[in-house]
Structures are given as structure tokens and as C-alpha cells.
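All remarks here apply to the structure that follows.
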Amino acid sequence: MSLTTIDFRRLHLQPGQRVLDLGCGEGRHAITAWLEAPVHVVGLDLSARDLATAAGRAGDFPAPPGADRSLTFLRGSGLTLPFADASFDCVICAEVLEHIPDYQRVLDEIRRVLKPGGVLAVSVPRFVPEWVCWQLSDAYHQVEGGHVRIFRTAELTGAVERRGLKRFHRHWAHSLHVPYWWLRCLLWSRGENAWPVRTYHRLLVWDLMQRPWLTRALDALLNPVLGKSVVVYFTRDSVPAGSAGDGIR
């Protein structure tokens, strides 16, 4: 399965729940949720091409036996979600909000479709690693569909909590990916085939496929300092069982 940013242990998924992966892209989190628990997952994205890729990837994984579960991919916009109020137990929004000019409206829609007691998991690029990328290359964030803002964690957390959700955990992810993106931005004009970029990408692929203990330990050690993404978990109106006070910082 592809690299995931969300820690699914923090979602506390229960049998029969409904999960929305908003801005699902090629389906990495939607497919993982479907495999992790007997839940009903909807992956929503604007890109028909990404949705076709996601559906194809899902076909590579046979449905786990036993309890009822489902996985559906839909084309739609986070600005006007095509779902009823309070229709999802969990919403995942991973590496999406930094692309959207009116991200506040997306948060309004997430709040609307999330059930009372439901969990929201949001990830965005972390401020310092992202800021360095912007300094190294204008093209990095000026490409079509690129990043339109750099979030500070307090800004993101405040925007969500003003909508009546409460943060219960935060962590960082993908520190080993930061050097890749710095190299990619520094050598942007030479493209992905620049030798340093290509070599480091091979290392990341090897790490993803083999998951050796050394790189896993190094990633965990560096994440608080250099994690590329910040991941924040919220609940609407109540904290999931076993999570009270867990990771509040």
C-alpha cells in the first residue's frame, strides 16, 4: 500500500462507521481505511484521472473476508460536499487544504457532514520545510494545482476549533522526505531526472517497500524536528474513548 500520513490508530474506527476521504487523490488513505476496519469508505476528489487510478489500485486488494465493508470513489468538490448533514463518523483531509484558496469553506463543509462525536484527521505541509521549498523554487508552488499557502499549526488548529471541534492529538510525519523536496526544488529546472533527485527517490522507494528498522527509527526520531507534514486530530463535541488527554501539546 502507498505511504500514508494519517495514523489510523487515532481514528478509533468501529464496525459499520462511514468514513470520508476528502481530496482522496489516488486513494492511499481511502483504501487503507477500507482494509483497516469493516467500515464504509467514500473517497472524493475533483480529478477524474486520480479517481480512476484509485479505483484501479483498490482492485489490486481483495476485500478482507468477514464483516460488511465498502469502498466508493466519487467526483466532487470539498466546497460543496454532496452529502447530508452529520453523515460521516470520520473525515480524513490529508494534504488538501494547502491547495484551496477558500479553505475555510471546506472546513465549514467538513463540520457539516461530520457526526457529533465524529473524528477529523487533517494534515498539511509543516511550515519550515515548506517555507524552504518556496524559497528554493517559485515553480514548486506556482504550478497548476500547487500550494497556495503555508500553514502554521496554530492557524490550522484555530480555524478548526472555531467550528466547535476539539484537538486531541498532533504528530509529524515523513521527515525522510524533506531532503528529497529540498533537492527537487533546488534543481527544479533539471527535473526529476537530476542525479541527486533520482538517487534520493530510489532511497525513498526502497524504504517504503522494505521498511527497514533503521530508517523507521530515524524517521521517528527526526519527525518532531523535521517532519514534512503536521497531522492534527479533532473530535466534534466529544473525545473518542481512550484518547482523552492523549498527545495534547
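FYI, nothing fancy with the C-alpha cells labels: chains A, B, ... in order, residues from 1 per chain, ligands from 1 as they appear.
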Using DSSP on the backbone, list every residue of range 54-236 of chain A that comes out as strand (DSSP E or B), and give them as a PyMOL selection string.
chain A and resi 70-75+88-94+114-125+165-173+229-236
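Take CA of Trp34 in chain A and CA of Pro224 in chain A: the distance between them is 28.7 Å.
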Expressed in Å, the length from CA of Trp131 in chain A to CA of Glu155 in chain A is 15.3 Å
What's the 9 Å shell around Asp68 in chain A, counting only C-alpha atoms, without same-chain residues fewer than 4 positions away, as a VMD selection string? chain A and resid 15 to 16 38 to 40
